[in-house]
$ cat model-v1.cif   # mmCIF, C-alpha atoms and all ligand atoms
data_data
loop_
_atom_site.label_atom_id
_atom_site.label_comp_id
_atom_site.auth_asym_id
_atom_site.auth_seq_id
_atom_site.Cartn_x
_atom_site.Cartn_y
_atom_site.Cartn_z
CA MET A 1 0.00 0.00 0.00
CA LYS A 2 1.30 3.46 -0.89
CA VAL A 3 1.11 6.18 1.71
CA LYS A 4 1.71 9.84 0.89
CA VAL A 5 4.08 11.45 3.39
CA VAL A 6 4.38 15.01 2.22
CA THR A 7 6.81 16.67 4.59
CA ARG A 8 10.35 17.93 4.83
CA ILE A 9 12.83 15.15 5.60
CA LEU A 10 14.05 17.26 8.51
CA GLU A 11 10.56 17.64 9.98
CA ALA A 12 11.65 16.16 13.32
CA ASN A 13 14.41 18.76 13.60
CA ASP A 14 12.11 21.57 12.46
CA ARG A 15 9.66 20.74 15.19
CA ILE A 16 12.27 20.99 17.94
CA ALA A 17 13.52 24.22 16.34
CA GLU A 18 10.04 25.68 16.66
CA GLU A 19 9.93 24.71 20.32
CA ASN A 20 13.33 26.40 20.85
CA MET A 21 12.02 29.49 19.13
CA ARG A 22 9.02 29.55 21.44
CA ARG A 23 11.38 29.49 24.45
CA PHE A 24 13.49 32.29 22.96
CA ARG A 25 10.41 34.44 22.37
CA GLU A 26 9.22 33.82 25.90
CA ALA A 27 12.59 34.95 27.26
CA GLY A 28 12.63 37.92 24.87
CA VAL A 29 15.99 37.02 23.38
CA TYR A 30 16.98 37.61 19.73
CA VAL A 31 18.88 34.63 18.33
CA VAL A 32 21.59 34.69 15.68
CA ASN A 33 22.79 31.48 14.01
CA LEU A 34 26.34 32.37 12.91
CA MET A 35 27.71 30.10 10.21
CA GLY A 36 30.81 29.92 8.05
CA ALA A 37 33.87 27.88 7.14
CA PRO A 38 36.52 27.01 9.76
CA GLY A 39 38.87 29.95 10.13
CA ALA A 40 36.54 32.48 8.48
CA GLY A 41 36.75 34.52 11.68
CA LYS A 42 33.51 33.70 13.48
CA THR A 43 34.95 33.72 17.01
CA THR A 44 36.97 36.87 16.31
CA LEU A 45 33.84 38.63 15.03
CA LEU A 46 32.00 37.51 18.14
CA GLU A 47 34.69 38.92 20.42
CA ARG A 48 34.49 42.23 18.53
CA THR A 49 30.69 42.20 18.65
CA ILE A 50 30.62 41.60 22.39
CA LEU A 51 33.09 44.44 22.90
CA GLY A 52 31.06 46.73 20.62
CA LEU A 53 27.79 46.04 22.40
CA LYS A 54 29.15 46.18 25.94
CA GLY A 55 26.90 48.36 28.08
CA SER A 56 24.06 48.45 25.55
CA LEU A 57 23.00 44.82 24.99
CA ARG A 58 23.43 41.68 27.05
CA ILE A 59 24.88 38.88 24.92
CA GLY A 60 25.12 35.15 25.51
CA VAL A 61 26.91 32.63 23.32
CA ILE A 62 26.63 28.98 22.39
CA GLU A 63 29.83 27.61 20.83
CA GLY A 64 29.50 24.63 18.54
CA ASP A 65 32.62 22.66 17.71
CA ILE A 66 33.34 19.09 16.75
CA ALA A 67 35.70 18.89 19.76
CA GLY A 68 37.54 21.16 22.20
CA THR A 69 36.70 24.23 24.25
CA ASP A 70 39.13 26.83 22.83
CA ASP A 71 36.42 29.08 21.40
CA ALA A 72 34.28 28.93 24.55
CA GLU A 73 37.34 29.93 26.58
CA ARG A 74 37.95 32.92 24.29
CA ILE A 75 34.34 34.02 24.79
CA ASN A 76 34.51 33.33 28.51
CA ASN A 77 37.40 35.80 28.73
CA THR A 78 35.11 38.55 27.48
CA GLY A 79 32.90 37.98 30.53
CA VAL A 80 29.65 36.95 28.83
CA PRO A 81 27.79 33.69 29.54
CA VAL A 82 28.89 30.92 27.18
CA VAL A 83 28.10 27.24 26.74
CA GLN A 84 30.16 24.84 24.67
CA ILE A 85 28.58 22.08 22.59
CA ASN A 86 30.88 19.36 21.26
CA THR A 87 29.14 17.55 18.44
CA GLY A 88 31.54 14.61 18.53
CA GLY A 89 31.90 14.43 14.78
CA ALA A 90 28.73 16.00 13.46
CA CYS A 91 29.45 18.82 11.03
CA HIS A 92 26.54 21.02 12.18
CA LEU A 93 24.43 21.90 15.20
CA ASP A 94 20.85 20.67 15.20
CA ALA A 95 17.82 21.86 17.12
CA ASN A 96 18.04 19.10 19.68
CA MET A 97 21.64 19.93 20.65
CA ILE A 98 20.57 23.53 21.25
CA SER A 99 17.50 22.49 23.22
CA GLU A 100 19.66 20.42 25.57
CA VAL A 101 21.94 23.30 26.60
CA LEU A 102 19.27 25.99 27.02
CA PRO A 103 18.90 25.32 30.76
CA ASP A 104 22.59 26.22 31.15
CA LEU A 105 22.05 29.79 29.92
CA PRO A 106 20.35 32.70 31.75
CA LEU A 107 18.05 33.25 28.77
CA SER A 108 15.72 35.78 30.36
CA GLU A 109 18.71 37.95 31.30
CA LEU A 110 19.91 38.13 27.69
CA ASP A 111 19.02 40.43 24.80
CA ILE A 112 20.93 38.52 22.13
CA LEU A 113 22.05 34.91 21.90
CA VAL A 114 24.65 34.13 19.25
CA ILE A 115 25.10 30.51 18.25
CA GLU A 116 28.48 29.93 16.60
CA ASN A 117 27.82 26.92 14.42
CA VAL A 118 30.37 24.25 13.55
CA GLY A 119 32.83 25.53 10.93
CA ASN A 120 31.39 24.33 7.63
CA LEU A 121 29.97 26.03 4.55
CA VAL A 122 27.48 23.30 3.68
CA CYS A 123 25.81 21.30 6.41
CA PRO A 124 24.67 23.90 9.01
CA ALA A 125 22.53 25.67 6.40
CA GLU A 126 20.09 22.76 6.30
CA PHE A 127 19.35 22.57 10.05
CA ARG A 128 17.14 25.17 11.71
CA VAL A 129 17.89 25.63 15.39
CA GLY A 130 15.13 28.11 16.28
CA GLU A 131 17.07 31.24 15.29
CA ASP A 132 15.60 34.62 14.33
CA VAL A 133 18.29 35.19 11.73
CA LYS A 134 20.90 33.16 9.90
CA VAL A 135 24.11 35.10 9.43
CA MET A 136 26.96 33.75 7.37
CA LEU A 137 30.53 34.88 7.59
CA LEU A 138 32.71 34.58 4.50
CA SER A 139 36.33 35.58 4.62
CA VAL A 140 37.55 37.23 1.40
CA THR A 141 40.54 34.86 1.53
CA GLU A 142 38.17 32.00 0.70
CA GLY A 143 37.92 33.25 -2.90
CA HIS A 144 35.16 34.59 -5.10
CA ASP A 145 33.89 31.21 -6.32
CA LYS A 146 32.16 30.35 -3.04
CA PRO A 147 28.58 31.61 -3.62
CA LEU A 148 28.05 29.51 -6.73
CA LYS A 149 29.79 26.48 -5.20
CA TYR A 150 27.75 26.53 -1.99
CA PRO A 151 24.43 28.08 -3.03
CA LEU A 152 22.37 26.76 -0.13
CA MET A 153 24.28 28.65 2.56
CA PHE A 154 23.95 31.91 0.61
CA ARG A 155 20.28 31.36 -0.07
CA GLU A 156 19.45 30.51 3.54
CA SER A 157 21.36 33.38 5.16
CA SER A 158 19.62 36.74 5.48
CA VAL A 159 22.94 38.40 6.24
CA MET A 160 26.43 37.91 4.87
CA ILE A 161 29.43 39.40 6.61
CA LEU A 162 32.48 39.63 4.37
CA ASN A 163 35.44 39.40 6.72
CA LYS A 164 39.20 40.02 6.52
CA ILE A 165 38.87 43.03 4.21
CA ASP A 166 42.19 44.22 5.68
CA LEU A 167 43.78 41.53 3.48
CA LEU A 168 42.13 42.62 0.21
CA LYS A 169 45.18 44.51 -0.95
CA HIS A 170 47.25 41.31 -0.84
CA LEU A 171 44.68 39.18 -2.62
CA ASP A 172 43.58 38.52 -6.14
CA VAL A 173 39.94 38.27 -5.22
CA ASP A 174 36.97 40.03 -6.81
CA MET A 175 34.79 41.10 -3.91
CA ASN A 176 32.20 42.56 -6.26
CA LYS A 177 31.74 39.16 -7.86
CA ILE A 178 31.15 37.63 -4.43
CA LYS A 179 28.48 40.23 -3.73
CA ARG A 180 26.92 39.97 -7.18
CA ASP A 181 26.69 36.17 -7.09
CA ALA A 182 25.44 36.14 -3.52
CA LEU A 183 22.69 38.59 -4.46
CA SER A 184 21.73 36.52 -7.49
CA LEU A 185 21.16 33.59 -5.12
CA ASN A 186 19.47 35.74 -2.51
CA PRO A 187 18.34 39.19 -3.72
CA SER A 188 17.31 40.44 -0.28
CA MET A 189 20.58 39.52 1.42
CA LYS A 190 22.07 42.21 3.67
CA ILE A 191 25.85 42.49 3.26
CA PHE A 192 28.44 43.91 5.66
CA GLU A 193 32.17 44.31 4.98
CA VAL A 194 34.35 44.06 8.07
CA SER A 195 37.76 43.28 9.43
CA GLY A 196 37.81 41.34 12.65
CA LYS A 197 41.46 42.26 12.90
CA THR A 198 41.34 46.06 12.58
CA GLY A 199 37.72 46.45 13.66
CA GLU A 200 36.78 48.26 10.44
CA GLY A 201 33.06 48.03 9.64
CA ILE A 202 32.14 46.26 12.88
CA ASP A 203 30.11 49.24 14.08
CA ARG A 204 27.73 49.02 11.11
CA TRP A 205 27.08 45.38 11.95
CA THR A 206 26.54 46.02 15.67
CA GLU A 207 24.24 48.95 14.89
CA TRP A 208 22.20 46.69 12.63
CA LEU A 209 22.00 44.08 15.42
CA LYS A 210 20.76 46.70 17.86
CA GLY A 211 18.10 47.70 15.36
CA GLN A 212 16.95 44.12 14.96
CA ARG A 213 16.77 43.64 18.69
CA SER A 214 14.55 46.64 19.20
CA GLN A 215 12.05 45.66 16.49
CA MET B 1 28.89 15.02 6.16
CA HIS B 2 25.34 15.60 7.25
CA GLU B 3 23.79 12.88 5.10
CA ALA B 4 23.78 10.53 8.10
CA SER B 5 21.71 12.97 10.20
CA ILE B 6 19.34 13.46 7.31
CA VAL B 7 18.79 9.73 6.94
CA LEU B 8 18.22 9.30 10.69
CA SER B 9 15.61 12.04 10.58
CA LEU B 10 13.97 10.42 7.56
CA LEU B 11 13.77 7.03 9.26
CA ASP B 12 12.48 8.66 12.43
CA THR B 13 9.65 10.39 10.64
CA LEU B 14 8.68 7.28 8.66
CA THR B 15 8.78 4.80 11.54
CA ASN B 16 6.80 7.18 13.75
CA ARG B 17 4.21 7.48 11.05
CA CYS B 18 4.02 3.66 10.77
CA ARG B 19 3.64 3.28 14.51
CA GLU B 20 0.78 5.80 14.56
CA GLU B 21 -1.03 4.16 11.66
CA GLY B 22 -0.26 0.57 12.61
CA TYR B 23 1.87 -0.42 9.62
CA SER B 24 4.28 -3.29 10.26
CA SER B 25 7.02 -2.67 7.72
CA ILE B 26 8.22 -0.34 4.98
CA GLU B 27 8.88 -1.69 1.48
CA SER B 28 10.01 1.42 -0.30
CA VAL B 29 10.56 5.12 0.26
CA ARG B 30 10.50 7.92 -2.28
CA ILE B 31 12.24 11.23 -1.58
CA LYS B 32 13.10 14.39 -3.53
CA ILE B 33 16.45 16.12 -3.34
CA GLY B 34 17.11 19.48 -5.00
CA MET B 35 20.34 19.87 -6.95
CA ALA B 36 21.17 23.01 -4.97
CA SER B 37 20.74 21.39 -1.58
CA GLY B 38 24.39 20.32 -1.53
CA ILE B 39 23.39 16.80 -0.64
CA MET B 40 25.00 13.86 -2.35
CA PRO B 41 22.53 11.12 -3.29
CA GLU B 42 25.22 8.41 -3.12
CA ALA B 43 25.94 9.37 0.48
CA ILE B 44 22.22 9.28 1.29
CA VAL B 45 21.89 5.77 -0.16
CA PHE B 46 24.97 4.61 1.71
CA ALA B 47 23.73 6.03 5.01
CA PHE B 48 20.24 4.64 4.44
CA GLU B 49 21.51 1.10 3.85
CA ALA B 50 23.44 1.25 7.12
CA ALA B 51 20.80 2.95 9.26
CA LYS B 52 17.75 0.97 8.15
CA GLN B 53 19.04 -2.35 9.48
CA ASP B 54 17.56 -2.14 12.98
CA THR B 55 14.27 -0.61 11.89
CA ILE B 56 11.02 -1.71 10.26
CA ALA B 57 12.53 -0.30 7.06
CA ARG B 58 15.23 -2.95 6.98
CA ASP B 59 13.96 -4.33 3.65
CA ALA B 60 13.05 -0.98 2.21
CA GLU B 61 14.33 0.26 -1.09
CA LEU B 62 15.10 3.99 -1.40
CA PHE B 63 14.19 5.92 -4.54
CA ILE B 64 15.65 9.38 -4.94
CA GLU B 65 14.31 11.92 -7.40
CA MET B 66 16.86 14.64 -8.10
CA VAL B 67 15.18 17.98 -8.81
CA PRO B 68 17.02 20.41 -11.10
CA VAL B 69 17.21 24.08 -10.20
CA GLY B 70 14.49 26.03 -11.95
CA GLY B 71 12.65 29.30 -11.80
CA SER B 72 10.64 31.83 -13.70
CA CYS B 73 11.87 35.01 -15.30
CA SER B 74 10.27 38.31 -14.36
CA ASP B 75 11.21 39.88 -17.71
CA CYS B 76 10.59 37.32 -20.47
CA ARG B 77 8.04 35.51 -18.29
CA ASN B 78 9.34 32.05 -19.22
CA ASP B 79 9.95 29.17 -16.83
CA PHE B 80 13.39 27.63 -17.03
CA GLU B 81 15.56 24.80 -15.72
CA VAL B 82 19.35 24.76 -15.53
CA SER B 83 21.90 21.99 -15.15
CA GLU B 84 24.01 23.89 -12.60
CA ALA B 85 23.18 24.22 -8.91
CA TYR B 86 22.68 27.98 -9.31
CA VAL B 87 21.21 30.61 -11.59
CA VAL B 88 23.00 33.89 -12.20
CA ASN B 89 20.69 35.12 -14.95
CA CYS B 90 17.73 33.90 -16.99
CA PRO B 91 19.11 31.35 -19.50
CA LEU B 92 16.53 32.50 -22.05
CA CYS B 93 16.86 36.29 -22.05
CA GLY B 94 19.78 36.99 -19.71
CA SER B 95 17.72 38.99 -17.23
CA HIS B 96 18.91 39.19 -13.62
CA SER B 97 15.38 39.43 -12.40
CA PHE B 98 13.97 35.97 -11.73
CA LYS B 99 12.49 33.83 -8.98
CA ILE B 100 13.87 30.41 -8.08
CA GLN B 101 11.06 27.92 -7.68
CA LYS B 102 12.77 24.61 -7.23
CA GLY B 103 16.08 22.91 -6.64
CA TYR B 104 16.37 23.23 -2.85
CA GLU B 105 14.04 20.34 -1.93
CA LEU B 106 14.72 17.87 0.83
CA ASP B 107 11.32 16.25 0.95
CA ILE B 108 9.62 12.95 1.58
CA VAL B 109 7.12 12.04 -1.13
CA GLU B 110 5.66 8.69 -0.18
CA MET B 111 6.37 5.24 1.18
CA GLU B 112 5.04 1.79 0.45
CA VAL B 113 4.05 -0.11 3.59
CA ASN B 114 2.64 -3.43 4.76
CA GLU B 115 -0.17 -3.53 7.32
N1 LIG C 301 43.84 39.32 8.74
C1 LIG C 301 42.73 38.98 9.37
N2 LIG C 301 42.70 37.86 10.13
C2 LIG C 301 41.56 37.55 10.77
C3 LIG C 301 40.40 38.34 10.69
N3 LIG C 301 39.41 37.77 11.43
C4 LIG C 301 39.95 36.64 11.94
N4 LIG C 301 41.26 36.50 11.57
C5 LIG C 301 42.18 35.42 11.91
O1 LIG C 301 41.69 34.22 11.32
C6 LIG C 301 41.95 33.10 12.16
C7 LIG C 301 40.68 32.34 12.45
O2 LIG C 301 39.80 33.14 13.23
P1 LIG C 301 38.65 32.56 14.14
O3 LIG C 301 37.90 33.71 14.66
O4 LIG C 301 39.19 31.59 15.13
O5 LIG C 301 37.80 31.77 13.04
P2 LIG C 301 36.57 30.74 13.21
O6 LIG C 301 37.13 29.36 13.03
O7 LIG C 301 35.65 31.09 12.09
O8 LIG C 301 35.96 30.96 14.55
C8 LIG C 301 42.61 33.66 13.41
O9 LIG C 301 44.00 33.51 13.27
C9 LIG C 301 42.20 35.12 13.39
O10 LIG C 301 43.13 35.94 14.05
C10 LIG C 301 40.46 39.54 9.87
O11 LIG C 301 39.48 40.28 9.71
N5 LIG C 301 41.64 39.79 9.24
MG MG C 302 35.47 29.60 16.06
ZN ZN C 303 14.06 35.74 -19.16
#
$ encode --input "model-v1.cif" --output "structure tokens"
Amino acid sequence: MKVKVVTRILEANDRIAEENMRRFREAGVYVVNLMGAPGAGKTTLLERTILGLKGSLRIGVIEGDIAGTDDAERINNTGVPVVQINTGGACHLDANMISEVLPDLPLSELDILVIENVGNLVCPAEFRVGEDVKVMLLSVTEGHDKPLKYPLMFRESSVMILNKIDLLKHLDVDMNKIKRDALSLNPSMKIFEVSGKTGEGIDRWTEWLKGQRSQ
Amino acid sequence: MHEASIVLSLLDTLTNRCREEGYSSIESVRIKIGMASGIMPEAIVFAFEAAKQDTIARDAELFIEMVPVGGSCSDCRNDFEVSEAYVVNCPLCGSHSFKIQKGYELDIVEMEVNE
């Protein structure tokens, strides 16, 4: 007998993501799912963001890594609440992993929760975790072929942060092509250009975050 | 890769459905994967063969329909399909103004079950 089962394959994950989102709403916290390749500069951007928002918004962080606690320690040094998830091999965070660590965070005392996903340009894009916004970080050193090679990540992310622009002068990379191709995949994408090293452009990103939070 | 998690979620959804409806086993499963989803069908098949063993889908065959990326052009008003995983402009008139309508699927279509 044939039975129609018309649903997303990741329905089980989506359902837990919705439950997470309900908890976030209840606590009044705005949630950012920060994705990007290993080494793109996600943790550095986070450190800068925390510094930039000090005194105006209360941030909490979930660090997702395959193994290790280096990133969580870096965030811990900035003084904000942080929880480490080790996925033990999985190349992405899923909604259930997030759900399990929520009791370890003072959610109702936070304005923004940033989830640093496992470093990967493919897999995290498929798994909702209950976020308000998906933000992808692409370092200009990764080259201008990335949007068309990894279309899903660019399509799913409402925001793209182009990082390491301090290195542009040493590189043979066409940043306009990155932006053009990204916009062809996702016409409403919001794009920021920053350097996690020099701090250039970070203020535009933090201002945008503040605006989102107050909506 | 994330194909293993995807297959576990697939089997979860199907076996739950069978439990609810009282079906005893699954004979076949049909799914749709968009060409832009970044998912490799070979890896899905491989993961499915491994993960199905301890479930009521242990004898199930998996059929995968790959869906090409396609959309409709806002200028020439035609629908199109491409062989790449992305569209930069309308392949018919070159316009940059188009809407993608398919190619990102990760969907279950149906299963064949025994009562
Ligand atoms: N030149 C330069 N290096 C950066 C920038 N942002 C991060 N890095 C360096 O890139 C490396 C990886 O950064 P990290 O934040 O750990 O990346 P993650 O793996 O995405 O979290 C570190 O050595 C950083 O110092 C930047 O804007 N410019
Ligand atoms: Mg990191
Ligand atoms: Zn056209």
$ interface_residues --input "model-v1.cif" --of "chain A" --to "chain B" --cutoff "12 Å" --atoms "only C-alpha atoms" --output "PDB file with C-alpha atoms, in the coordinates of the input"
ATOM      1  CA  MET A   1       0.000   0.000   0.000  1.00  0.00           C
ATOM      2  CA  LYS A   2       1.300   3.460  -0.890  1.00  0.00           C
ATOM      3  CA  VAL A   3       1.110   6.180   1.710  1.00  0.00           C
ATOM      4  CA  LYS A   4       1.710   9.840   0.890  1.00  0.00           C
ATOM      5  CA  VAL A   5       4.080  11.450   3.390  1.00  0.00           C
ATOM      6  CA  VAL A   6       4.380  15.010   2.220  1.00  0.00           C
ATOM      7  CA  THR A   7       6.810  16.670   4.590  1.00  0.00           C
ATOM      8  CA  ARG A   8      10.350  17.930   4.830  1.00  0.00           C
ATOM      9  CA  ILE A   9      12.830  15.150   5.600  1.00  0.00           C
ATOM     10  CA  LEU A  10      14.050  17.260   8.510  1.00  0.00           C
ATOM     11  CA  GLU A  11      10.560  17.640   9.980  1.00  0.00           C
ATOM     12  CA  ALA A  12      11.650  16.160  13.320  1.00  0.00           C
ATOM     13  CA  ASN A  13      14.410  18.760  13.600  1.00  0.00           C
ATOM     14  CA  ASP A  14      12.110  21.570  12.460  1.00  0.00           C
ATOM     15  CA  ARG A  15       9.660  20.740  15.190  1.00  0.00           C
ATOM     16  CA  THR A  87      29.140  17.550  18.440  1.00  0.00           C
ATOM     17  CA  GLY A  89      31.900  14.430  14.780  1.00  0.00           C
ATOM     18  CA  ALA A  90      28.730  16.000  13.460  1.00  0.00           C
ATOM     19  CA  CYS A  91      29.450  18.820  11.030  1.00  0.00           C
ATOM     20  CA  HIS A  92      26.540  21.020  12.180  1.00  0.00           C
ATOM     21  CA  LEU A  93      24.430  21.900  15.200  1.00  0.00           C
ATOM     22  CA  ASP A  94      20.850  20.670  15.200  1.00  0.00           C
ATOM     23  CA  ALA A  95      17.820  21.860  17.120  1.00  0.00           C
ATOM     24  CA  ASN A  96      18.040  19.100  19.680  1.00  0.00           C
ATOM     25  CA  VAL A 118      30.370  24.250  13.550  1.00  0.00           C
ATOM     26  CA  ASN A 120      31.390  24.330   7.630  1.00  0.00           C
ATOM     27  CA  LEU A 121      29.970  26.030   4.550  1.00  0.00           C
ATOM     28  CA  VAL A 122      27.480  23.300   3.680  1.00  0.00           C
ATOM     29  CA  CYS A 123      25.810  21.300   6.410  1.00  0.00           C
ATOM     30  CA  PRO A 124      24.670  23.900   9.010  1.00  0.00           C
ATOM     31  CA  ALA A 125      22.530  25.670   6.400  1.00  0.00           C
ATOM     32  CA  GLU A 126      20.090  22.760   6.300  1.00  0.00           C
ATOM     33  CA  PHE A 127      19.350  22.570  10.050  1.00  0.00           C
ATOM     34  CA  LYS A 146      32.160  30.350  -3.040  1.00  0.00           C
ATOM     35  CA  PRO A 147      28.580  31.610  -3.620  1.00  0.00           C
ATOM     36  CA  LEU A 148      28.050  29.510  -6.730  1.00  0.00           C
ATOM     37  CA  LYS A 149      29.790  26.480  -5.200  1.00  0.00           C
ATOM     38  CA  TYR A 150      27.750  26.530  -1.990  1.00  0.00           C
ATOM     39  CA  PRO A 151      24.430  28.080  -3.030  1.00  0.00           C
ATOM     40  CA  LEU A 152      22.370  26.760  -0.130  1.00  0.00           C
ATOM     41  CA  MET A 153      24.280  28.650   2.560  1.00  0.00           C
ATOM     42  CA  PHE A 154      23.950  31.910   0.610  1.00  0.00           C
ATOM     43  CA  ARG A 155      20.280  31.360  -0.070  1.00  0.00           C
ATOM     44  CA  GLU A 156      19.450  30.510   3.540  1.00  0.00           C
ATOM     45  CA  LYS A 177      31.740  39.160  -7.860  1.00  0.00           C
ATOM     46  CA  ILE A 178      31.150  37.630  -4.430  1.00  0.00           C
ATOM     47  CA  LYS A 179      28.480  40.230  -3.730  1.00  0.00           C
ATOM     48  CA  ARG A 180      26.920  39.970  -7.180  1.00  0.00           C
ATOM     49  CA  ASP A 181      26.690  36.170  -7.090  1.00  0.00           C
ATOM     50  CA  ALA A 182      25.440  36.140  -3.520  1.00  0.00           C
ATOM     51  CA  LEU A 183      22.690  38.590  -4.460  1.00  0.00           C
ATOM     52  CA  SER A 184      21.730  36.520  -7.490  1.00  0.00           C
ATOM     53  CA  LEU A 185      21.160  33.590  -5.120  1.00  0.00           C
ATOM     54  CA  ASN A 186      19.470  35.740  -2.510  1.00  0.00           C
ATOM     55  CA  PRO A 187      18.340  39.190  -3.720  1.00  0.00           C
ATOM     56  CA  SER A 188      17.310  40.440  -0.280  1.00  0.00           C
TER      57      SER A 188
END
$ closest_atom_pairs --input "model-v1.cif" --of "chain A" --to "ligand LIG 301 (chain C)" --cutoff "8 Å" --atoms "only C-alpha atoms and all ligand atoms" --output "tab-separated table"
residue	atom	partner	partner_atom	distance
A:Gly36	CA	C:LIG301	O7	6.4
A:Ala37	CA	C:LIG301	O7	6.2
A:Pro38	CA	C:LIG301	O6	4.1
A:Gly39	CA	C:LIG301	O6	3.4
A:Ala40	CA	C:LIG301	O7	4.0
A:Gly41	CA	C:LIG301	O5	3.2
A:Lys42	CA	C:LIG301	O7	3.7
A:Thr43	CA	C:LIG301	O3	3.8
A:Thr44	CA	C:LIG301	O3	3.7
A:Leu45	CA	C:LIG301	O3	6.4
A:Leu46	CA	C:LIG301	O3	7.8
A:Asp71	CA	C:LIG301	O8	7.1
A:Glu116	CA	C:LIG301	O8	7.8
A:Gly119	CA	C:LIG301	O6	6.1
A:Leu137	CA	C:LIG301	O7	7.8
A:Ser139	CA	C:LIG301	O11	7.6
A:Asn163	CA	C:LIG301	O11	5.1
A:Lys164	CA	C:LIG301	O11	3.2
A:Ile165	CA	C:LIG301	O11	6.2
A:Asp166	CA	C:LIG301	N5	5.7
A:Leu167	CA	C:LIG301	N1	5.7
A:Val194	CA	C:LIG301	O11	6.6
A:Ser195	CA	C:LIG301	O11	3.5
A:Gly196	CA	C:LIG301	O11	3.5
A:Lys197	CA	C:LIG301	C10	4.2
A:Thr198	CA	C:LIG301	O11	6.7
A:Gly199	CA	C:LIG301	O11	7.5
$ atom_distance --input "model-v1.cif" --atom1 "CA of Leu162 in chain A" --atom2 "CA of Leu138 in chain A"
5.1 Å
$ residues_near_point --input "model-v1.cif" --point "(37.8, 33.1, -4.1)" --cutoff "9 Å" --atoms "only C-alpha atoms" --output "VMD selection string"
chain A and resid 140 to 146 172 to 175 178
$ residues_near_ligand --input "model-v1.cif" --ligand "ligand ZN 303 (chain C)" --cutoff "7 Å" --atoms "only C-alpha atoms and all ligand atoms" --output "list in words"
Cys73, Ser74, Asp75, Cys76, Arg77, Asn78, Cys90, Pro91, Leu92, Cys93, Gly94 and Ser95 of chain B
$ atom_distance --input "model-v1.cif" --atom1 "CA of Glu100 in chain A" --atom2 "CA of Ala67 in chain A"
17.1 Å
$ atom_distance --input "model-v1.cif" --atom1 "CA of Arg58 in chain A" --atom2 "CA of Ile75 in chain A"
13.5 Å
$ residues_around --input "model-v1.cif" --residues "Ser214 in chain A" --least-positions-apart "4" --cutoff "12 Å" --atoms "all atoms listed in the file" --output "ChimeraX atom specification"
/A:28-30,56-57,111-112,207-210
$ residues_around --input "model-v1.cif" --residues "Arg58 in chain B" --least-positions-apart "2" --cutoff "12 Å" --atoms "only C-alpha atoms" --output "compact mmCIF listing (two decimals) with C-alpha atoms, keeping the file's coordinate frame"
# COMPACT_ATOMS: atom_id res chain seq x y z
CA LEU B 11 13.77 7.03 9.26
CA THR B 15 8.78 4.80 11.54
CA SER B 24 4.28 -3.29 10.26
CA SER B 25 7.02 -2.67 7.72
CA ILE B 26 8.22 -0.34 4.98
CA GLU B 27 8.88 -1.69 1.48
CA SER B 28 10.01 1.42 -0.30
CA VAL B 29 10.56 5.12 0.26
CA PHE B 48 20.24 4.64 4.44
CA GLU B 49 21.51 1.10 3.85
CA ALA B 50 23.44 1.25 7.12
CA ALA B 51 20.80 2.95 9.26
CA LYS B 52 17.75 0.97 8.15
CA GLN B 53 19.04 -2.35 9.48
CA ASP B 54 17.56 -2.14 12.98
CA THR B 55 14.27 -0.61 11.89
CA ILE B 56 11.02 -1.71 10.26
CA ALA B 60 13.05 -0.98 2.21
CA GLU B 61 14.33 0.26 -1.09
CA LEU B 62 15.10 3.99 -1.40
$ closest_residue --input "model-v1.cif" --among "A:Leu171, A:Met35, A:Ile50, A:Ile202" --to "ligand MG 302 (chain C)" --atoms "all atoms listed in the file"
A:Met35
$ build_atoms --input "model-v1.cif" --residues "range 200-208 of chain A" --atoms "N, CA and C atoms" --output "compact mmCIF listing (two decimals), in the coordinates of the input"
# COMPACT_ATOMS: atom_id res chain seq x y z
N GLU A 200 37.47 47.48 11.46
CA GLU A 200 36.78 48.26 10.44
C GLU A 200 35.41 47.64 10.12
N GLY A 201 34.39 48.49 10.06
CA GLY A 201 33.06 48.03 9.64
C GLY A 201 32.25 47.33 10.71
N ILE A 202 32.86 47.01 11.84
CA ILE A 202 32.14 46.26 12.88
C ILE A 202 30.97 47.07 13.43
N ASP A 203 31.16 48.42 13.50
CA ASP A 203 30.11 49.24 14.08
C ASP A 203 28.82 49.19 13.27
N ARG A 204 28.96 49.10 11.92
CA ARG A 204 27.73 49.02 11.11
C ARG A 204 26.96 47.73 11.42
N TRP A 205 27.70 46.67 11.61
CA TRP A 205 27.08 45.38 11.95
C TRP A 205 26.43 45.42 13.33
N THR A 206 27.13 45.99 14.32
CA THR A 206 26.54 46.02 15.67
C THR A 206 25.34 46.96 15.73
N GLU A 207 25.40 48.05 14.95
CA GLU A 207 24.24 48.95 14.89
C GLU A 207 23.03 48.22 14.31
N TRP A 208 23.29 47.46 13.27
CA TRP A 208 22.20 46.69 12.63
C TRP A 208 21.59 45.71 13.65
